[in-house]
>>> print(open('structure37.tsv').read())   # TSV, C-alpha atoms
chain	number	residue	atom	x	y	z
A	1	MET	CA	-41.70	-34.73	19.85
A	2	SER	CA	-45.38	-34.21	20.64
A	3	GLU	CA	-46.87	-30.75	20.95
A	4	SER	CA	-47.35	-31.15	24.70
A	5	ASP	CA	-43.73	-32.28	25.18
A	6	LYS	CA	-42.53	-29.39	23.06
A	7	GLU	CA	-44.56	-26.91	25.14
A	8	ARG	CA	-43.10	-28.29	28.35
A	9	THR	CA	-39.58	-28.11	26.90
A	10	LEU	CA	-40.15	-24.53	25.78
A	11	ALA	CA	-41.46	-23.57	29.20
A	12	ARG	CA	-38.40	-25.11	30.85
A	13	LEU	CA	-36.02	-23.34	28.42
A	14	ARG	CA	-37.64	-19.97	29.08
A	15	GLN	CA	-37.42	-20.59	32.80
A	16	VAL	CA	-33.68	-21.37	32.75
A	17	SER	CA	-32.67	-18.88	30.02
A	18	GLY	CA	-31.23	-16.47	32.56
A	19	GLU	CA	-29.34	-19.24	34.26
A	20	MET	CA	-27.97	-20.36	30.89
A	21	ALA	CA	-26.69	-16.85	30.14
A	22	THR	CA	-25.06	-16.56	33.58
A	23	ALA	CA	-23.36	-19.95	33.25
A	24	THR	CA	-22.13	-19.00	29.77
A	25	LEU	CA	-20.56	-15.74	30.90
A	26	ARG	CA	-18.94	-17.49	33.83
A	27	ARG	CA	-17.40	-20.08	31.48
A	28	LEU	CA	-16.20	-17.37	29.09
A	29	ASP	CA	-14.37	-15.69	31.94
A	30	GLU	CA	-12.79	-18.99	32.97
A	31	ASP	CA	-11.78	-20.35	29.57
A	32	LEU	CA	-10.90	-17.33	27.41
A	33	PRO	CA	-8.01	-15.12	28.64
A	34	TRP	CA	-8.59	-12.50	25.91
A	35	TYR	CA	-12.22	-12.14	27.09
A	36	ARG	CA	-11.06	-11.29	30.61
A	37	GLU	CA	-8.77	-8.58	29.23
A	38	LEU	CA	-11.52	-6.79	27.29
A	39	ALA	CA	-12.87	-3.43	28.43
A	40	PRO	CA	-16.10	-3.63	30.45
A	41	ALA	CA	-18.14	-2.17	27.57
A	42	ARG	CA	-16.88	-4.90	25.22
A	43	ARG	CA	-17.58	-7.64	27.76
A	44	SER	CA	-21.08	-6.26	28.25
A	45	ALA	CA	-21.66	-6.27	24.48
A	46	ILE	CA	-20.49	-9.89	24.23
A	47	GLY	CA	-22.80	-10.81	27.10
A	48	LEU	CA	-25.66	-9.20	25.19
A	49	VAL	CA	-24.80	-11.27	22.13
A	50	ALA	CA	-24.67	-14.48	24.22
A	51	GLN	CA	-28.07	-13.75	25.80
A	52	SER	CA	-29.49	-12.96	22.36
A	53	GLY	CA	-28.14	-16.28	21.10
A	54	ILE	CA	-29.83	-18.22	23.88
A	55	GLN	CA	-33.12	-16.40	23.36
A	56	SER	CA	-32.80	-16.93	19.62
A	57	PHE	CA	-32.40	-20.68	20.17
A	58	ILE	CA	-35.65	-20.70	22.16
A	59	ASN	CA	-37.41	-18.80	19.38
A	60	TRP	CA	-35.95	-21.14	16.78
A	61	PHE	CA	-36.96	-24.22	18.74
A	62	ASP	CA	-40.46	-22.83	18.86
A	63	ASN	CA	-40.54	-22.19	15.09
A	64	PRO	CA	-37.55	-23.67	13.21
A	65	GLU	CA	-39.05	-22.72	9.82
A	66	ALA	CA	-38.72	-18.98	10.44
A	67	GLU	CA	-36.25	-17.30	8.05
A	68	GLY	CA	-33.56	-14.78	8.87
A	69	TRP	CA	-33.67	-15.40	12.61
A	70	VAL	CA	-29.98	-15.99	13.31
A	71	ALA	CA	-28.25	-12.86	12.03
A	72	SER	CA	-31.03	-10.50	13.07
A	73	ASP	CA	-31.68	-12.03	16.50
A	74	ILE	CA	-28.10	-12.63	17.60
A	75	PHE	CA	-25.95	-10.07	15.80
A	76	GLY	CA	-28.52	-7.37	15.11
A	77	ASN	CA	-28.06	-5.70	18.50
A	78	ALA	CA	-24.28	-6.05	18.61
A	79	PRO	CA	-22.40	-2.75	18.31
A	80	ARG	CA	-20.62	-2.35	14.95
A	81	GLU	CA	-17.28	-1.75	16.67
A	82	LEU	CA	-17.54	-5.19	18.32
A	83	ILE	CA	-16.82	-6.79	14.95
A	84	ARG	CA	-13.65	-4.73	14.70
A	85	SER	CA	-12.42	-5.55	18.22
A	86	VAL	CA	-13.33	-9.26	18.26
A	87	SER	CA	-11.91	-11.39	15.46
A	88	LEU	CA	-13.74	-14.17	13.65
A	89	GLN	CA	-11.53	-16.74	15.40
A	90	GLN	CA	-12.47	-15.30	18.80
A	91	THR	CA	-16.16	-15.28	17.82
A	92	LEU	CA	-15.97	-18.97	16.97
A	93	GLN	CA	-14.36	-19.58	20.37
A	94	LEU	CA	-17.30	-17.77	21.97
A	95	ILE	CA	-19.77	-19.91	20.07
A	96	ARG	CA	-17.90	-23.06	21.09
A	97	VAL	CA	-18.08	-22.10	24.78
A	98	VAL	CA	-21.80	-21.29	24.55
A	99	ILE	CA	-22.50	-24.62	22.83
A	100	SER	CA	-20.47	-26.51	25.41
A	101	VAL	CA	-22.28	-24.89	28.36
A	102	VAL	CA	-25.77	-25.40	26.93
A	103	GLN	CA	-25.07	-28.99	25.87
A	104	ASP	CA	-23.46	-30.05	29.14
A	105	GLN	CA	-25.83	-28.35	31.57
A	106	PHE	CA	-29.20	-27.93	29.85
A	107	THR	CA	-29.72	-30.38	26.95
A	108	ALA	CA	-27.76	-33.47	27.96
A	109	ASP	CA	-30.84	-35.22	29.43
A	110	ASP	CA	-33.04	-34.62	26.35
A	111	PRO	CA	-31.72	-36.29	23.13
A	112	GLU	CA	-34.17	-34.49	20.84
A	113	LEU	CA	-33.38	-31.11	22.35
A	114	HIS	CA	-29.68	-31.95	22.17
A	115	LEU	CA	-29.94	-32.72	18.44
A	116	ALA	CA	-31.97	-29.57	17.82
A	117	PHE	CA	-29.33	-27.46	19.54
A	118	LEU	CA	-26.60	-29.02	17.38
A	119	ASN	CA	-28.49	-28.01	14.23
A	120	TYR	CA	-29.01	-24.54	15.63
A	121	SER	CA	-25.30	-24.22	16.52
A	122	ARG	CA	-24.31	-25.04	12.96
A	123	ASP	CA	-26.53	-22.24	11.64
A	124	VAL	CA	-25.11	-19.82	14.20
A	125	ALA	CA	-21.54	-20.57	13.06
A	126	PHE	CA	-22.48	-19.96	9.43
A	127	ALA	CA	-24.29	-16.75	10.37
A	128	ALA	CA	-21.22	-15.48	12.26
A	129	ALA	CA	-19.00	-16.21	9.26
A	130	ASP	CA	-21.47	-14.39	7.01
A	131	VAL	CA	-21.48	-11.31	9.25
A	132	TYR	CA	-17.68	-11.13	9.23
A	133	ALA	CA	-17.55	-11.77	5.49
A	134	GLN	CA	-19.89	-8.82	4.87
A	135	ALA	CA	-17.82	-6.64	7.20
A	136	ALA	CA	-14.61	-7.68	5.41
A	137	GLU	CA	-16.15	-6.96	2.01
A	138	ALA	CA	-17.32	-3.53	3.14
A	139	ARG	CA	-13.90	-2.81	4.65
A	140	GLY	CA	-12.22	-3.93	1.43
A	141	GLN	CA	-14.36	-1.57	-0.65
A	142	TRP	CA	-13.66	1.27	1.77
A	143	ASP	CA	-9.91	0.51	1.70
A	144	GLU	CA	-9.91	0.59	-2.11
A	145	ARG	CA	-11.62	3.99	-2.14
A	146	LEU	CA	-9.26	5.32	0.53
A	147	GLU	CA	-6.23	3.95	-1.33
A	148	ALA	CA	-7.35	5.59	-4.58
A	149	LEU	CA	-7.86	8.86	-2.68
A	150	VAL	CA	-4.32	8.73	-1.25
A	151	VAL	CA	-2.76	8.02	-4.66
A	152	ASP	CA	-4.83	10.79	-6.26
A	153	SER	CA	-3.66	13.22	-3.54
A	154	VAL	CA	-0.03	12.29	-4.17
A	155	VAL	CA	-0.35	12.63	-7.95
A	156	ASN	CA	-2.08	16.00	-7.69
A	157	GLY	CA	0.41	17.31	-5.15
A	158	GLU	CA	-2.14	17.86	-2.40
A	159	SER	CA	0.17	18.31	0.59
A	160	THR	CA	-2.41	17.43	3.19
A	161	HIS	CA	-1.60	16.44	6.75
A	162	GLU	CA	-4.38	13.84	6.54
A	163	LEU	CA	-2.25	11.60	4.33
A	164	PRO	CA	-0.29	9.95	7.20
A	165	SER	CA	-3.51	9.12	9.07
A	166	ARG	CA	-5.07	7.72	5.91
A	167	LEU	CA	-2.01	5.55	5.36
A	168	ALA	CA	-2.23	4.32	8.96
A	169	ALA	CA	-5.87	3.36	8.36
A	170	LEU	CA	-4.72	1.30	5.36
A	171	GLY	CA	-2.07	-0.46	7.47
A	172	TRP	CA	0.72	1.11	5.39
A	173	SER	CA	4.05	0.50	7.11
A	174	THR	CA	7.29	1.17	5.24
A	175	THR	CA	10.90	2.00	5.93
A	176	GLY	CA	13.21	4.08	3.78
A	177	PRO	CA	12.30	6.19	0.76
A	178	LEU	CA	9.12	6.00	-1.31
A	179	TYR	CA	8.90	5.84	-5.10
A	180	ALA	CA	6.14	6.72	-7.53
A	181	VAL	CA	5.88	4.41	-10.54
A	182	VAL	CA	3.78	5.07	-13.65
A	183	ALA	CA	2.89	2.35	-16.15
A	184	ALA	CA	0.36	1.82	-18.91
A	185	SER	CA	-3.06	0.53	-17.92
A	186	SER	CA	-5.33	-1.30	-20.32
A	187	GLY	CA	-8.64	-1.88	-18.61
A	188	LEU	CA	-8.76	-2.63	-14.89
A	189	PRO	CA	-5.56	-4.35	-13.68
A	190	ASP	CA	-5.57	-7.14	-11.12
A	191	LEU	CA	-4.77	-4.92	-8.15
A	192	GLU	CA	-4.86	-7.75	-5.61
A	193	LEU	CA	-2.29	-9.71	-7.62
A	194	LEU	CA	-0.14	-6.57	-7.78
A	195	ARG	CA	-0.30	-6.26	-3.98
A	196	ARG	CA	0.62	-9.92	-3.41
A	197	THR	CA	3.52	-9.74	-5.86
A	198	ALA	CA	4.84	-6.53	-4.28
A	199	ARG	CA	4.65	-7.95	-0.76
A	200	ALA	CA	6.44	-11.10	-1.89
A	201	ALA	CA	9.22	-8.83	-3.19
A	202	GLY	CA	9.45	-7.04	0.16
A	203	ALA	CA	7.51	-3.90	-0.77
A	204	GLU	CA	4.31	-2.17	0.27
A	205	ILE	CA	2.24	-0.79	-2.59
A	206	LEU	CA	-0.57	1.71	-3.13
A	207	THR	CA	-2.27	1.68	-6.53
A	208	GLY	CA	-4.56	3.97	-8.46
A	209	VAL	CA	-5.72	4.17	-12.07
A	210	GLN	CA	-5.48	7.61	-13.69
A	211	THR	CA	-7.25	7.42	-17.08
A	212	ASP	CA	-4.91	5.22	-19.16
A	213	ARG	CA	-2.15	5.02	-16.55
A	214	LEU	CA	-1.50	2.88	-13.52
A	215	VAL	CA	0.13	4.84	-10.69
A	216	MET	CA	1.89	2.92	-7.92
A	217	ILE	CA	3.48	4.21	-4.72
A	218	LEU	CA	6.11	1.75	-3.51
A	219	GLY	CA	8.19	1.53	-0.36
A	220	GLN	CA	10.14	-1.14	1.46
A	221	SER	CA	8.07	-3.18	3.90
A	222	ALA	CA	8.86	-2.41	7.52
A	223	PRO	CA	10.23	-5.33	9.60
A	224	GLU	CA	7.50	-7.26	11.41
A	225	ASN	CA	9.50	-7.56	14.65
A	226	VAL	CA	10.96	-4.66	16.63
A	227	GLY	CA	14.73	-4.50	16.26
A	228	GLU	CA	14.75	-6.69	13.14
A	229	GLN	CA	16.98	-5.38	10.35
A	230	PRO	CA	15.23	-4.69	7.02
A	231	HIS	CA	16.18	-6.84	4.06
A	232	SER	CA	18.05	-5.43	1.07
A	233	PHE	CA	15.72	-3.52	-1.22
A	234	SER	CA	16.03	-2.59	-4.89
A	235	ILE	CA	13.21	-0.56	-6.41
A	236	LYS	CA	14.21	-1.70	-9.90
A	237	ALA	CA	14.07	-5.35	-8.88
A	238	VAL	CA	10.62	-4.89	-7.33
A	239	VAL	CA	9.25	-3.09	-10.39
A	240	ARG	CA	10.66	-5.79	-12.67
A	241	GLU	CA	8.62	-8.32	-10.70
A	242	LEU	CA	5.53	-6.18	-11.26
A	243	SER	CA	6.22	-5.40	-14.93
A	244	SER	CA	4.67	-8.63	-16.22
A	245	LEU	CA	1.37	-7.62	-14.56
A	246	CYS	CA	1.32	-4.21	-16.30
A	247	ALA	CA	0.13	-3.46	-19.80
A	248	ASP	CA	2.61	-3.03	-22.65
A	249	GLY	CA	4.36	0.31	-22.67
A	250	PRO	CA	6.94	2.22	-20.64
A	251	ILE	CA	7.26	1.86	-16.87
A	252	VAL	CA	8.87	4.90	-15.27
A	253	ILE	CA	10.22	5.07	-11.70
A	254	GLY	CA	10.27	8.47	-10.04
A	255	PRO	CA	13.12	9.63	-7.78
A	256	PRO	CA	13.07	8.65	-4.08
A	257	ALA	CA	11.00	10.69	-1.63
A	258	ALA	CA	11.50	10.76	2.13
A	259	THR	CA	7.80	10.92	3.04
A	260	VAL	CA	4.46	10.36	1.37
A	261	ILE	CA	3.82	14.12	1.42
A	262	GLU	CA	7.02	14.63	-0.58
A	263	ALA	CA	6.14	11.77	-2.95
A	264	SER	CA	4.23	14.20	-5.19
A	265	THR	CA	7.59	15.30	-6.66
A	266	SER	CA	8.41	11.69	-7.46
A	267	ALA	CA	4.97	11.27	-9.02
A	268	ARG	CA	5.39	14.41	-11.17
A	269	ALA	CA	8.75	13.19	-12.42
A	270	ALA	CA	7.37	9.73	-13.19
A	271	GLN	CA	4.38	11.20	-15.03
A	272	ALA	CA	6.61	13.48	-17.09
A	273	GLY	CA	8.95	10.59	-17.84
A	274	TYR	CA	6.04	8.45	-18.98
A	275	ARG	CA	4.93	11.17	-21.42
A	276	ALA	CA	8.46	11.64	-22.79
A	277	ALA	CA	9.56	7.99	-22.87
A	278	ALA	CA	8.71	7.68	-26.55
A	279	GLY	CA	11.68	9.97	-27.29
A	280	TRP	CA	14.14	7.26	-26.20
A	281	LYS	CA	13.43	4.15	-28.23
A	282	LEU	CA	16.13	2.11	-26.47
A	283	ALA	CA	14.93	2.95	-22.98
A	284	PRO	CA	14.96	-0.05	-20.61
A	285	ARG	CA	11.78	-1.30	-18.96
A	286	PRO	CA	11.53	-0.13	-16.24
A	287	VAL	CA	13.41	3.14	-16.62
A	288	LEU	CA	14.27	5.80	-14.05
A	289	ALA	CA	12.64	9.18	-14.56
A	290	ASP	CA	16.04	10.83	-14.10
A	291	ASP	CA	17.39	8.78	-17.01
A	292	LEU	CA	14.80	10.54	-19.19
A	293	LEU	CA	15.85	14.06	-18.22
A	294	PRO	CA	16.72	15.21	-21.79
A	295	GLU	CA	13.43	13.99	-23.22
A	296	ARG	CA	11.49	15.47	-20.31
A	297	ALA	CA	13.23	18.82	-20.69
A	298	LEU	CA	12.49	18.92	-24.42
A	299	ALA	CA	8.86	18.03	-23.67
A	300	GLY	CA	8.62	21.11	-21.46
A	301	ASP	CA	9.00	19.59	-17.99
A	302	PRO	CA	10.30	22.39	-15.72
A	303	LEU	CA	11.27	19.89	-13.02
A	304	ALA	CA	13.61	18.12	-15.47
A	305	ARG	CA	15.25	21.43	-16.43
A	306	VAL	CA	15.85	22.37	-12.80
A	307	THR	CA	17.17	18.87	-12.05
A	308	LEU	CA	19.64	18.99	-14.95
A	309	ILE	CA	20.96	22.38	-13.87
A	310	GLN	CA	21.24	21.45	-10.19
A	311	LYS	CA	22.72	17.99	-10.69
A	312	ALA	CA	25.10	18.69	-13.60
A	313	TYR	CA	25.73	22.35	-14.35
A	314	VAL	CA	25.92	23.80	-10.83
A	315	PRO	CA	28.31	21.16	-9.37
A	316	LEU	CA	30.75	21.63	-12.27
A	317	SER	CA	30.60	25.41	-12.08
A	318	ARG	CA	31.62	25.23	-8.43
A	319	GLN	CA	34.75	23.13	-9.08
A	320	SER	CA	38.11	24.86	-8.80
A	321	THR	CA	39.48	23.11	-11.89
A	322	ASP	CA	38.19	23.94	-15.35
A	323	LEU	CA	35.88	20.94	-15.56
A	324	LEU	CA	33.00	22.92	-17.01
A	325	GLY	CA	35.10	24.34	-19.85
A	326	THR	CA	36.63	20.94	-20.55
A	327	LEU	CA	33.21	19.31	-20.77
A	328	ARG	CA	31.88	22.02	-23.07
A	329	SER	CA	34.88	21.75	-25.37
A	330	TYR	CA	34.76	17.94	-25.37
A	331	LEU	CA	31.09	17.83	-26.35
A	332	ASP	CA	31.42	20.63	-28.92
A	333	SER	CA	34.30	18.79	-30.61
A	334	GLY	CA	32.21	15.65	-31.10
A	335	ARG	CA	33.77	13.95	-28.06
A	336	SER	CA	37.25	14.05	-29.51
A	337	LEU	CA	40.12	13.87	-27.01
A	338	GLU	CA	42.67	15.33	-29.44
A	339	GLY	CA	40.32	18.11	-30.55
A	340	THR	CA	39.61	19.04	-26.95
A	341	ALA	CA	43.32	19.00	-26.10
A	342	ARG	CA	44.11	21.31	-29.01
A	343	ASP	CA	41.25	23.65	-28.09
A	344	LEU	CA	42.39	23.92	-24.47
A	345	PHE	CA	46.15	23.77	-25.18
A	346	VAL	CA	46.63	20.81	-22.85
A	347	HIS	CA	47.82	17.22	-23.20
A	348	PRO	CA	45.18	14.55	-24.08
A	349	ASN	CA	45.98	12.80	-20.79
A	350	THR	CA	44.92	15.98	-18.98
A	351	VAL	CA	41.60	15.81	-20.83
A	352	ARG	CA	41.21	12.14	-19.84
A	353	TYR	CA	41.90	13.02	-16.20
A	354	ARG	CA	39.35	15.84	-16.21
A	355	LEU	CA	36.72	13.61	-17.84
A	356	ARG	CA	37.24	11.04	-15.08
A	357	ARG	CA	36.87	13.81	-12.51
A	358	ILE	CA	33.59	14.86	-14.14
A	359	THR	CA	32.34	11.29	-13.87
A	360	ASP	CA	33.33	11.17	-10.19
A	361	VAL	CA	31.60	14.47	-9.45
A	362	LEU	CA	28.37	13.94	-11.43
A	363	GLY	CA	27.95	10.21	-11.84
A	364	TRP	CA	27.51	10.67	-15.61
A	365	ASP	CA	30.32	9.60	-17.96
A	366	PRO	CA	30.93	12.09	-20.80
A	367	THR	CA	32.41	9.30	-22.94
A	368	ASP	CA	29.11	7.39	-22.86
A	369	PRO	CA	26.76	8.49	-25.68
A	370	ARG	CA	23.64	8.57	-23.50
A	371	ASP	CA	25.35	10.34	-20.59
A	372	ALA	CA	26.88	12.79	-23.07
A	373	LEU	CA	23.39	13.73	-24.27
A	374	ILE	CA	22.28	14.37	-20.68
A	375	LEU	CA	25.35	16.51	-19.98
A	376	GLN	CA	24.96	18.42	-23.25
A	377	MET	CA	21.38	19.30	-22.32
A	378	ALA	CA	22.52	20.36	-18.83
A	379	LEU	CA	25.17	22.66	-20.30
A	380	ILE	CA	22.67	24.29	-22.66
A	381	LEU	CA	20.08	24.85	-19.93
A	382	GLY	CA	22.67	25.98	-17.41
A	383	SER	CA	24.19	28.50	-19.81
A	384	ILE	CA	20.76	29.91	-20.72
A	385	ASN	CA	19.86	30.17	-17.04
A	386	ALA	CA	23.18	31.87	-16.20
A	387	ASP	CA	22.74	34.39	-19.01
A	388	GLN	CA	19.21	35.20	-17.85
A	389	ASP	CA	20.43	35.68	-14.27
A	390	GLU	CA	23.17	38.05	-15.45
A	391	ALA	CA	20.65	40.01	-17.53
A	392	VAL	CA	18.32	40.40	-14.59
A	393	ALA	CA	21.02	41.17	-12.00
A	394	PRO	CA	21.66	44.90	-12.90
>>> encode(input="structure37.tsv", output="structure tokens")
Amino acid sequence: MSESDKERTLARLRQVSGEMATATLRRLDEDLPWYRELAPARRSAIGLVAQSGIQSFINWFDNPEAEGWVASDIFGNAPRELIRSVSLQQTLQLIRVVISVVQDQFTADDPELHLAFLNYSRDVAFAAADVYAQAAEARGQWDERLEALVVDSVVNGESTHELPSRLAALGWSTTGPLYAVVAASSGLPDLELLRRTARAAGAEILTGVQTDRLVMILGQSAPENVGEQPHSFSIKAVVRELSSLCADGPIVIGPPAATVIEASTSARAAQAGYRAAAGWKLAPRPVLADDLLPERALAGDPLARVTLIQKAYVPLSRQSTDLLGTLRSYLDSGRSLEGTARDLFVHPNTVRYRLRRITDVLGWDPTDPRDALILQMALILGSINADQDEAVAP
């Protein structure tokens, strides 16, 4: 194209630029239902972007060698919130409509101008993808910082009312109880792989690295559709799926918590269990924090001591039958049925019946060596606590 032809084409483009913008907005309203439903401010912002795109094409046609024209000319004046309210797919639909209008009504009779506009349209599409990629990267970095802040707040027991809003910003949507899980961390784990694996197992996950430990907050994923019943959920099964992605060492699951604000108790229990897990060499992986109650109590965890008293000693002390005395005698006699029967002056079958009742009441079986250790520790702590209460009472 000669210089004189190019000047004439440029003059014609500048003359019809307003008409091109008007025709584009009219076509957007006709072809895109979601555009018609936008708020007036959003529609106005999109119109500004479309006009900037047309003006940018004129500038580019005048000097195609200029660098950095697309992103700065077209998207530079767009409000930041427009990227959040209009998806990349919708942006590409906008670009397609603009291209169609300009090609059909303003470049169809000029092959060279038509070809130039096709080249320009390709660059616009790449520029739009780049803008959204940068926004997604920035959002991802912000989400990671926000996620680490939430996990840190839970671990430190900061009962802040901002936690639910922060979780909503992260798109956290769960049903049922939440669990804190603590595992070893060697270096920086693949957090994205952890998230994908958890979601595949039906769980939502928040992660944070605390020095040499990986802290995870897990909950069952909420159903996508209203009224849909949630699938069966096992926290142990989910953590087993994640265990291969964690470093070697214990993985401890804290007790369930109703809300994220209450999850700090679960996190404290899991942290204490992680510290004390070395005391039980045969501990499974993963292991529940409540299965490490004796080791946690010996390591000085006050929460474990209170849990043992409340879950084992107090329920037995409130029973009408002499379950507490039977348990104490049974454990003191080395778990001997005959020795317990002689000590209590009852038949061995009576001892068996009472031991079954203890299992029904507590969920721990005194005849199991591991459960017997837990119950022995509960009796010791409960007796000490009762003696202290009696000493203080007068």
>>> atom_distance(input="structure37.tsv", atom1="CA of Ala272 in chain A", atom2="CA of Leu191 in chain A")
23.4 Å
>>> residues_around(input="structure37.tsv", residues="Val346 in chain A", least_positions_apart="6", cutoff="12 Å", atoms="all atoms listed in the file", output="list in words")
Asp322, Thr326, Leu337, Glu338, Gly339, Thr340, Arg352, Tyr353 and Arg354 of chain A
>>> atom_distance(input="structure37.tsv", atom1="CA of Tyr120 in chain A", atom2="CA of Phe57 in chain A")
6.9 Å
>>> residues_near_point(input="structure37.tsv", point="(29.8, 14.1, -21.7)", cutoff="9 Å", atoms="only C-alpha atoms", output="ChimeraX atom specification")
/A:327-328,330-331,335,355,358-359,364-376
>>> closest_residue(input="structure37.tsv", among="A:Val151, A:Ala23, A:Val361, A:Val98", to="Leu323 in chain A", atoms="all atoms listed in the file")
A:Val361
>>> closest_residue(input="structure37.tsv", among="A:Ala276, A:Ser244, A:Leu48, A:Leu13", to="Gly300 in chain A", atoms="all atoms listed in the file")
A:Ala276
>>> residues_around(input="structure37.tsv", residues="Cys246 in chain A", least_positions_apart="5", cutoff="7 Å", atoms="only C-alpha atoms", output="VMD selection string")
chain A and resid 183 to 185
>>> residues_around(input="structure37.tsv", residues="Gln51 in chain A", least_positions_apart="6", cutoff="10 Å", atoms="only C-alpha atoms", output="ChimeraX atom specification")
/A:17-18,20-22,24-25,45,57,74,98
>>> residues_near_point(input="structure37.tsv", point="(6.5, 15.0, -13.5)", cutoff="10 Å", atoms="only C-alpha atoms", output="list in words")
Val155, Gly254, Ser264, Thr265, Ser266, Ala267, Arg268, Ala269, Ala270, Gln271, Ala272, Gly273, Tyr274, Arg275, Ala289, Arg296, Asp301, Pro302, Leu303 and Ala304 of chain A
>>> residues_around(input="structure37.tsv", residues="Phe117 in chain A", least_positions_apart="2", cutoff="9 Å", atoms="only C-alpha atoms", output="PyMOL selection string")
chain A and resi 57+61+99+102-103+107+112-115+119-122
>>> atom_distance(input="structure37.tsv", atom1="CA of Val150 in chain A", atom2="CA of Ala278 in chain A")
28.5 Å
>>> closest_residue(input="structure37.tsv", among="A:Leu118, A:Met377, A:Leu316, A:Ile46", to="Leu94 in chain A", atoms="only C-alpha atoms")
A:Ile46
>>> build_atoms(input="structure37.tsv", residues="range 183-194 of chain A", atoms="N, CA and C atoms", output="mmCIF file, keeping the file's coordinate frame")
data_model
loop_
_atom_site.group_PDB
_atom_site.id
_atom_site.type_symbol
_atom_site.label_atom_id
_atom_site.label_comp_id
_atom_site.auth_asym_id
_atom_site.auth_seq_id
_atom_site.Cartn_x
_atom_site.Cartn_y
_atom_site.Cartn_z
ATOM 1 N N ALA A 183 2.875 3.343 -15.079
ATOM 2 C CA ALA A 183 2.890 2.350 -16.150
ATOM 3 C C ALA A 183 1.598 2.479 -16.952
ATOM 4 N N ALA A 184 1.569 1.816 -18.097
ATOM 5 C CA ALA A 184 0.360 1.820 -18.910
ATOM 6 C C ALA A 184 -0.703 0.950 -18.254
ATOM 7 N N SER A 185 -1.943 1.294 -18.474
ATOM 8 C CA SER A 185 -3.060 0.530 -17.920
ATOM 9 C C SER A 185 -4.087 0.296 -19.014
ATOM 10 N N SER A 186 -4.295 -0.958 -19.351
ATOM 11 C CA SER A 186 -5.330 -1.300 -20.320
ATOM 12 C C SER A 186 -6.453 -2.003 -19.570
ATOM 13 N N GLY A 187 -7.565 -1.319 -19.406
ATOM 14 C CA GLY A 187 -8.640 -1.880 -18.610
ATOM 15 C C GLY A 187 -8.313 -1.797 -17.130
ATOM 16 N N LEU A 188 -8.969 -2.627 -16.344
ATOM 17 C CA LEU A 188 -8.760 -2.630 -14.890
ATOM 18 C C LEU A 188 -7.750 -3.708 -14.531
ATOM 19 N N PRO A 189 -6.560 -3.341 -14.031
ATOM 20 C CA PRO A 189 -5.560 -4.350 -13.680
ATOM 21 C C PRO A 189 -5.975 -5.153 -12.455
ATOM 22 N N ASP A 190 -5.316 -6.295 -12.287
ATOM 23 C CA ASP A 190 -5.570 -7.140 -11.120
ATOM 24 C C ASP A 190 -4.795 -6.544 -9.944
ATOM 25 N N LEU A 191 -5.460 -5.640 -9.217
ATOM 26 C CA LEU A 191 -4.770 -4.920 -8.150
ATOM 27 C C LEU A 191 -4.367 -5.843 -7.011
ATOM 28 N N GLU A 192 -5.197 -6.840 -6.710
ATOM 29 C CA GLU A 192 -4.860 -7.750 -5.610
ATOM 30 C C GLU A 192 -3.621 -8.573 -5.950
ATOM 31 N N LEU A 193 -3.485 -8.976 -7.207
ATOM 32 C CA LEU A 193 -2.290 -9.710 -7.620
ATOM 33 C C LEU A 193 -1.061 -8.807 -7.560
ATOM 34 N N LEU A 194 -1.237 -7.533 -7.909
ATOM 35 C CA LEU A 194 -0.140 -6.570 -7.780
ATOM 36 C C LEU A 194 0.314 -6.460 -6.325
#
